[in-house]
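A.B. asks: work-v5.txt is reproduced in full below (compact mmCIF, C-alpha atoms).
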# COMPACT_ATOMS: atom_id res chain seq x y z
CA MET A 22 -9.20 -10.41 -14.29
CA GLU A 23 -8.59 -11.18 -10.63
CA ASN A 24 -8.44 -9.03 -7.51
CA PHE A 25 -4.92 -7.68 -6.98
CA PHE A 26 -5.49 -6.99 -3.28
CA VAL A 27 -5.87 -10.54 -1.99
CA PRO A 28 -4.92 -11.06 1.68
CA SER A 29 -1.49 -12.48 0.81
CA LYS A 30 -0.59 -9.23 -0.98
CA ILE A 31 -1.87 -6.76 1.60
CA TRP A 32 0.86 -5.12 3.67
CA ARG A 33 0.35 -5.52 7.39
CA ASN A 34 -0.44 -2.62 9.70
CA GLY A 35 -0.48 -0.10 6.87
CA ARG A 36 3.25 0.49 7.24
CA PRO A 37 5.22 1.85 4.28
CA PHE A 38 7.93 -0.18 2.59
CA PRO A 39 10.98 1.31 0.83
CA HIS A 40 10.88 1.10 -2.96
CA VAL A 41 12.97 2.49 -5.78
CA LEU A 42 10.72 3.94 -8.47
CA VAL A 43 10.77 5.82 -11.72
CA LEU A 44 8.17 8.53 -11.07
CA LEU A 45 6.29 8.60 -14.35
CA SER A 46 4.01 11.20 -12.77
CA GLU A 47 6.80 13.70 -13.50
CA TYR A 48 6.56 13.17 -17.27
CA GLU A 49 3.72 15.19 -18.78
CA GLU A 50 3.74 13.11 -21.96
CA PHE A 51 3.03 9.98 -19.95
CA ARG A 52 0.41 11.72 -17.84
CA ALA A 53 -1.37 12.62 -21.09
CA TYR A 54 -1.04 9.02 -22.29
CA ALA A 55 -2.61 7.75 -19.08
CA ARG A 56 -5.32 10.43 -19.35
CA ALA A 57 -6.29 9.09 -22.77
CA HIS A 58 -7.30 5.81 -21.11
CA ARG A 59 -9.01 7.28 -18.08
CA GLU A 60 -12.58 7.51 -19.40
CA LEU A 61 -12.52 3.88 -20.50
CA LEU A 62 -11.06 2.62 -17.23
CA ALA A 63 -13.53 4.68 -15.20
CA GLU A 64 -16.36 2.67 -16.75
CA TYR A 65 -15.37 -0.23 -14.50
CA GLY A 66 -16.14 1.70 -11.31
CA GLU A 67 -15.21 -0.13 -8.13
CA LYS A 68 -13.84 -3.08 -10.08
CA LEU A 69 -10.68 -1.10 -10.96
CA GLY A 70 -8.55 1.14 -8.80
CA VAL A 71 -7.54 3.68 -11.45
CA ILE A 72 -4.24 5.29 -10.47
CA PRO A 73 -4.37 9.11 -10.18
CA GLU A 74 -1.82 10.92 -12.33
CA GLN A 75 0.33 12.00 -9.39
CA TRP A 76 0.95 8.35 -8.42
CA LEU A 77 1.95 6.92 -11.81
CA HIS A 78 5.23 5.04 -11.59
CA SER A 79 7.34 2.11 -12.71
CA THR A 80 8.88 -0.02 -9.97
CA VAL A 81 12.60 -0.67 -10.23
CA GLN A 82 12.81 -2.66 -7.00
CA GLY A 83 10.68 -3.10 -3.91
CA ILE A 84 11.77 -3.95 -0.38
CA HIS A 85 8.82 -5.64 1.24
CA HIS A 86 9.67 -5.10 4.88
CA ALA A 87 10.31 -2.06 7.06
CA LEU A 88 13.81 -0.62 7.57
CA ASP A 89 15.17 1.26 10.55
CA ASP A 90 16.76 4.70 10.20
CA ASP A 91 20.29 3.31 10.04
CA GLN A 92 19.38 0.88 7.25
CA VAL A 93 17.72 3.67 5.28
CA ALA A 94 20.82 5.83 5.67
CA GLN A 95 23.03 2.97 4.48
CA LEU A 96 20.73 2.27 1.54
CA ARG A 97 20.84 5.89 0.47
CA GLY A 98 24.63 5.67 0.40
CA THR A 99 24.85 2.37 -1.45
CA LEU A 100 22.29 3.53 -4.02
CA ARG A 101 24.25 6.68 -4.73
CA ALA A 102 27.43 4.62 -5.12
CA GLU A 103 25.91 1.93 -7.34
CA LEU A 104 24.12 4.47 -9.55
CA ALA A 105 27.12 6.78 -9.90
CA GLY A 106 27.81 7.14 -13.59
CA ALA A 107 24.42 5.82 -14.68
CA LYS A 108 23.42 7.46 -17.95
CA PRO A 109 19.95 8.67 -19.00
CA PHE A 110 18.20 6.36 -21.46
CA ARG A 111 15.11 6.49 -23.65
CA VAL A 112 12.14 4.15 -23.40
CA GLN A 113 8.85 3.87 -25.22
CA LEU A 114 5.71 3.44 -23.12
CA GLY A 115 2.77 1.53 -24.58
CA PRO A 116 0.70 -0.27 -25.56
CA VAL A 117 -1.70 -0.97 -22.69
CA TRP A 118 -3.26 -4.33 -22.02
CA PRO A 119 -5.19 -6.07 -19.21
CA GLY A 120 -2.98 -8.43 -17.25
CA LEU A 121 -4.21 -10.90 -14.67
CA THR A 122 -4.50 -8.38 -11.81
CA ALA A 123 -3.68 -4.97 -13.33
CA VAL A 124 -3.99 -2.85 -16.44
CA THR A 125 -0.38 -2.57 -17.52
CA VAL A 126 1.74 -0.44 -19.83
CA ALA A 127 4.64 -1.96 -21.76
CA VAL A 128 8.11 -0.41 -21.42
CA TYR A 129 10.47 -0.96 -24.38
CA PRO A 130 13.29 -1.61 -24.72
CA GLU A 131 13.61 -3.38 -21.39
CA ASP A 132 17.41 -3.34 -21.15
CA GLY A 133 17.78 0.02 -19.40
CA MET A 134 15.24 -0.79 -16.71
CA ALA A 135 16.71 -4.26 -16.23
CA ALA A 136 20.18 -2.73 -15.73
CA LEU A 137 18.71 -0.32 -13.16
CA ASN A 138 17.15 -3.26 -11.34
CA ASP A 139 20.55 -5.00 -11.25
CA ARG A 140 22.23 -1.92 -9.76
CA VAL A 141 19.52 -1.33 -7.18
CA ARG A 142 19.55 -4.97 -6.08
CA ALA A 143 23.33 -4.75 -5.70
CA ALA A 144 22.94 -1.63 -3.54
CA ALA A 145 20.30 -3.23 -1.33
CA GLY A 146 22.39 -6.37 -0.97
CA GLN A 147 25.12 -4.37 0.74
CA VAL A 148 22.85 -3.31 3.63
CA PRO A 149 22.67 -5.84 6.49
CA GLY A 150 19.13 -6.96 7.21
CA ILE A 151 17.60 -6.17 3.83
CA ALA A 152 15.96 -9.27 2.35
CA LEU A 153 14.85 -8.98 -1.26
CA ARG A 154 12.41 -11.27 -2.97
CA ALA A 155 13.97 -13.81 -5.31
CA ARG A 156 15.20 -12.38 -8.59
CA GLU A 157 12.83 -12.88 -11.50
CA GLN A 158 14.09 -15.05 -14.34
CA ARG A 159 13.76 -11.92 -16.47
CA PHE A 160 13.02 -8.46 -15.11
CA TRP A 161 9.60 -7.26 -16.28
CA ALA A 162 9.73 -3.55 -17.05
CA HIS A 163 6.21 -2.12 -16.93
CA ALA A 164 3.94 0.51 -15.46
CA SER A 165 0.31 0.22 -14.37
CA LEU A 166 -2.75 2.38 -14.97
CA GLY A 167 -4.99 0.52 -12.54
CA TYR A 168 -5.22 -2.44 -10.16
CA VAL A 169 -8.12 -4.88 -10.10
CA ARG A 170 -10.28 -4.62 -6.98
CA GLN A 171 -12.99 -7.13 -7.95
CA ASP A 172 -12.82 -10.12 -10.26
CA PHE A 173 -14.37 -9.51 -13.70
CA ASN A 174 -14.25 -10.78 -17.27
CA SER A 175 -11.76 -8.65 -19.21
CA ASP A 176 -12.89 -9.50 -22.77
CA HIS A 177 -14.67 -6.18 -23.28
CA LEU A 178 -11.80 -4.20 -21.76
CA ASN A 179 -9.28 -5.99 -23.94
CA ARG A 180 -11.24 -5.19 -27.10
CA ALA A 181 -11.79 -1.57 -26.02
CA LEU A 182 -8.08 -1.05 -25.29
CA ARG A 183 -7.15 -2.39 -28.71
CA ALA A 184 -9.63 -0.04 -30.33
CA LEU A 185 -8.50 2.98 -28.28
CA ARG A 186 -4.75 2.54 -28.76
CA PRO A 187 -3.39 6.12 -28.49
CA PRO A 188 0.13 6.77 -29.84
CA ARG A 189 2.89 5.40 -27.66
CA VAL A 190 5.12 7.93 -25.92
CA ASP A 191 8.90 8.22 -25.61
CA VAL A 192 10.49 9.50 -22.41
CA THR A 193 14.04 9.84 -21.10
CA ILE A 194 14.65 8.13 -17.77
CA ASP A 195 17.23 10.34 -16.07
CA ARG A 196 16.67 9.67 -12.36
CA VAL A 197 15.11 7.33 -9.83
CA HIS A 198 13.63 7.97 -6.41
CA LEU A 199 13.96 6.08 -3.16
CA VAL A 200 10.57 6.34 -1.51
CA ASN A 201 8.50 5.06 1.36
CA GLN A 202 5.58 3.49 -0.48
CA TYR A 203 2.12 3.10 1.03
CA GLN A 204 -0.47 0.56 -0.10
CA HIS A 205 -4.15 1.60 -0.14
CA PRO A 206 -6.37 -1.43 -0.78
CA ASP A 207 -9.43 0.74 -0.02
CA LYS A 208 -8.50 3.06 -2.92
CA GLY A 209 -6.88 0.49 -5.16
CA TYR A 210 -3.46 2.06 -5.67
CA TYR A 211 -0.17 3.09 -4.03
CA THR A 212 1.22 6.44 -2.83
CA TRP A 213 4.62 7.43 -1.48
CA ASP A 214 6.81 9.91 0.34
CA VAL A 215 10.12 10.67 -1.37
CA ILE A 216 13.23 9.91 0.67
CA GLU A 217 15.81 10.84 -1.96
CA GLU A 218 16.05 11.64 -5.66
CA ILE A 219 19.05 10.10 -7.40
CA PRO A 220 19.77 11.78 -10.76
CA PHE A 221 21.85 10.23 -13.52
CA THR A 222 24.78 12.03 -15.10
For this file, write the structure as structure tokens.
C.D. replies:
Amino acid sequence: MENFFVPSKIWRNGRPFPHVLVLLSEYEEFRAYARAHRELLAEYGEKLGVIPEQWLHSTVQGIHHALDDDQVAQLRGTLRAELAGAKPFRVQLGPVWPGLTAVTVAVYPEDGMAALNDRVRAAAGQVPGIALRAREQRFWAHASLGYVRQDFNSDHLNRALRALRPPRVDVTIDRVHLVNQYQHPDKGYYTWDVIEEIPFT
């Protein structure tokens, strides 16, 4: 596995960037699922930034530049409009596997999260000055349990995760949050301040 926090990925000046997240930290069943992996991941010490339970999330869409107050106000309005009528949906979380730069959790089915991404991108596109990264060929719905801080061979971790394999969990996604997200390369994970919760009906 390779270091996630290479210079090209580190946010300048420690400033927060607006993101729309599903706060998986609010789902006790997923917190317990993450907890089941914690002892194993902790074995890797400084090589992995294991995400504390209160910062577990799945990213719907990131905005990788700062916004002024007027842009944030506009984004809050366009998000509420685009997500009006969005319905709660169920997803299954798991299994866990080591990716190239993070230990990731699968989210299935992907359709609901992909539709959320479409709506959020549409909302952001209505705000002058917001520049989103190019759309992925296919939205990758996932969560992370840890980010790699030092390169290491993941063969042992891969085998251990397959052997551990706790039962997958089902949760209902019934809201998203617009947040100011902070990157902490020294800790190996992200935190945030909530700007607005947007519930589904």
A.B. asks: To one decimal place, how far is CA of Gln147 in chain A from CA of Glu218 in chain A in Å?
C.D. replies: 19.5 Å
A.B. asks: To one decimal in Å, tell me the separation between CA of Leu121 in chain A and CA of Ser165 in chain A.
C.D. replies: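 Interatomic distance, CA of Leu121 in chain A to CA of Ser165 in chain A: 12.0 Å.
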A.B. asks: Applying 10 Å and only C-alpha atoms, which residues near range 187-194 of chain A remain after dropping the ones on its own chain fewer than 2 positions away? List them as a ChimeraX atom specification.
C.D. replies: /A:43-45,48-51,53-55,57-58,108-117,126-129,133-134,182-185,196-197,220-221
A.B. asks: Output C-alpha atoms of each residue in that selection to a file, as a JSON list (two decimals), in the frame of the given file.
C.D. replies:
[["chain", "number", "residue", "atom", "x", "y", "z"],
["A", 43, "VAL", "CA", 10.77, 5.82, -11.72],
["A", 44, "LEU", "CA", 8.17, 8.53, -11.07],
["A", 45, "LEU", "CA", 6.29, 8.60, -14.35],
["A", 48, "TYR", "CA", 6.56, 13.17, -17.27],
["A", 49, "GLU", "CA", 3.72, 15.19, -18.78],
["A", 50, "GLU", "CA", 3.74, 13.11, -21.96],
["A", 51, "PHE", "CA", 3.03, 9.98, -19.95],
["A", 53, "ALA", "CA", -1.37, 12.62, -21.09],
["A", 54, "TYR", "CA", -1.04, 9.02, -22.29],
["A", 55, "ALA", "CA", -2.61, 7.75, -19.08],
["A", 57, "ALA", "CA", -6.29, 9.09, -22.77],
["A", 58, "HIS", "CA", -7.30, 5.81, -21.11],
["A", 108, "LYS", "CA", 23.42, 7.46, -17.95],
["A", 109, "PRO", "CA", 19.95, 8.67, -19.00],
["A", 110, "PHE", "CA", 18.20, 6.36, -21.46],
["A", 111, "ARG", "CA", 15.11, 6.49, -23.65],
["A", 112, "VAL", "CA", 12.14, 4.15, -23.40],
["A", 113, "GLN", "CA", 8.85, 3.87, -25.22],
["A", 114, "LEU", "CA", 5.71, 3.44, -23.12],
["A", 115, "GLY", "CA", 2.77, 1.53, -24.58],
["A", 116, "PRO", "CA", 0.70, -0.27, -25.56],
["A", 117, "VAL", "CA", -1.70, -0.97, -22.69],
["A", 126, "VAL", "CA", 1.74, -0.44, -19.83],
["A", 127, "ALA", "CA", 4.64, -1.96, -21.76],
["A", 128, "VAL", "CA", 8.11, -0.41, -21.42],
["A", 129, "TYR", "CA", 10.47, -0.96, -24.38],
["A", 133, "GLY", "CA", 17.78, 0.02, -19.40],
["A", 134, "MET", "CA", 15.24, -0.79, -16.71],
["A", 182, "LEU", "CA", -8.08, -1.05, -25.29],
["A", 183, "ARG", "CA", -7.15, -2.39, -28.71],
["A", 184, "ALA", "CA", -9.63, -0.04, -30.33],
["A", 185, "LEU", "CA", -8.50, 2.98, -28.28],
["A", 196, "ARG", "CA", 16.67, 9.67, -12.36],
["A", 197, "VAL", "CA", 15.11, 7.33, -9.83],
["A", 220, "PRO", "CA", 19.77, 11.78, -10.76],
["A", 221, "PHE", "CA", 21.85, 10.23, -13.52]]
A.B. asks: Provide the CA of Ser175 in chain A to CA of Met22 in chain A distance in Å, to one decimal place.
C.D. replies: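 Separating CA of Ser175 in chain A from CA of Met22 in chain A is a distance of 5.8 Å.
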A.B. asks: Pick out the residues sitting within 8 Å of Thr125 in chain A, and hand them over as a PDB file with C-alpha atoms, in the frame of the given file; count only C-alpha atoms, and ignore anything fewer than 3 positions along from it in its own chain.
C.D. replies:
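Listed below is the output, around03.pdb:
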ATOM      1  CA  VAL A 117      -1.700  -0.970 -22.690  1.00  0.00           C
ATOM      2  CA  TRP A 118      -3.260  -4.330 -22.020  1.00  0.00           C
ATOM      3  CA  PRO A 119      -5.190  -6.070 -19.210  1.00  0.00           C
ATOM      4  CA  GLY A 120      -2.980  -8.430 -17.250  1.00  0.00           C
ATOM      5  CA  HIS A 163       6.210  -2.120 -16.930  1.00  0.00           C
ATOM      6  CA  ALA A 164       3.940   0.510 -15.460  1.00  0.00           C
ATOM      7  CA  SER A 165       0.310   0.220 -14.370  1.00  0.00           C
ATOM      8  CA  LEU A 166      -2.750   2.380 -14.970  1.00  0.00           C
ATOM      9  CA  GLY A 167      -4.990   0.520 -12.540  1.00  0.00           C
TER      10      GLY A 167
END
A.B. asks: For His40 in chain A, which residue among A:Gly150, A:Pro73, A:Gly83, A:Pro28 is the nearest when counting all atoms listed in the file?
C.D. replies: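 Ranking A:Gly150, A:Pro73, A:Gly83, A:Pro28 by distance to His40 in chain A, first place goes to A:Gly83.
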A.B. asks: Mind checking which residues fall within 12 Å of Val93 in chain A, counting all atoms listed in the file, ignoring those fewer than 6 positions away in the same chain, and posting them as a short mmCIF file (atom, residue, chain, number, x, y, z; two decimals) with C-alpha atoms, keeping the file's coordinate frame?
C.D. replies:
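What ended up in result.cif:
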data_model
loop_
_atom_site.label_atom_id
_atom_site.label_comp_id
_atom_site.auth_asym_id
_atom_site.auth_seq_id
_atom_site.Cartn_x
_atom_site.Cartn_y
_atom_site.Cartn_z
CA PHE A 38 7.93 -0.18 2.59
CA PRO A 39 10.98 1.31 0.83
CA HIS A 40 10.88 1.10 -2.96
CA ILE A 84 11.77 -3.95 -0.38
CA HIS A 86 9.67 -5.10 4.88
CA ALA A 87 10.31 -2.06 7.06
CA THR A 99 24.85 2.37 -1.45
CA LEU A 100 22.29 3.53 -4.02
CA ALA A 144 22.94 -1.63 -3.54
CA ALA A 145 20.30 -3.23 -1.33
CA GLN A 147 25.12 -4.37 0.74
CA VAL A 148 22.85 -3.31 3.63
CA PRO A 149 22.67 -5.84 6.49
CA GLY A 150 19.13 -6.96 7.21
CA ILE A 151 17.60 -6.17 3.83
CA LEU A 199 13.96 6.08 -3.16
CA VAL A 200 10.57 6.34 -1.51
CA ASN A 201 8.50 5.06 1.36
CA ILE A 216 13.23 9.91 0.67
CA GLU A 217 15.81 10.84 -1.96
#
A.B. asks: For a quick check of understanding, using all atoms listed in the file, which of A:Arg59, A:Val215, A:Val81, A:Gln171 has the smallest distance to Arg142 in chain A?
C.D. replies: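 Residue with the minimum atom-to-atom distance to Arg142 in chain A: A:Val81.
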A.B. asks: Can you work out which one of A:Leu88, A:Ala105, A:Val71, A:Ala63 has the shortest atom-to-atom distance to Arg36 in chain A, counting all atoms listed in the file?
C.D. replies: A:Leu88
A.B. asks: Considering all atoms listed in the file, state which residue in the set A:Ala107, A:Tyr203, A:Gly209, A:Ala155 is at the smallest distance from Thr222 in chain A.
C.D. replies: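 Among the listed residues, A:Ala107 lies closest to Thr222 in chain A.
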A.B. asks: Identify which of the residues A:His205, A:Leu96, A:Tyr210, A:Glu60 lies closest to Trp32 in chain A, counting only C-alpha atoms when measuring atom-to-atom distances.
C.D. replies: A:His205
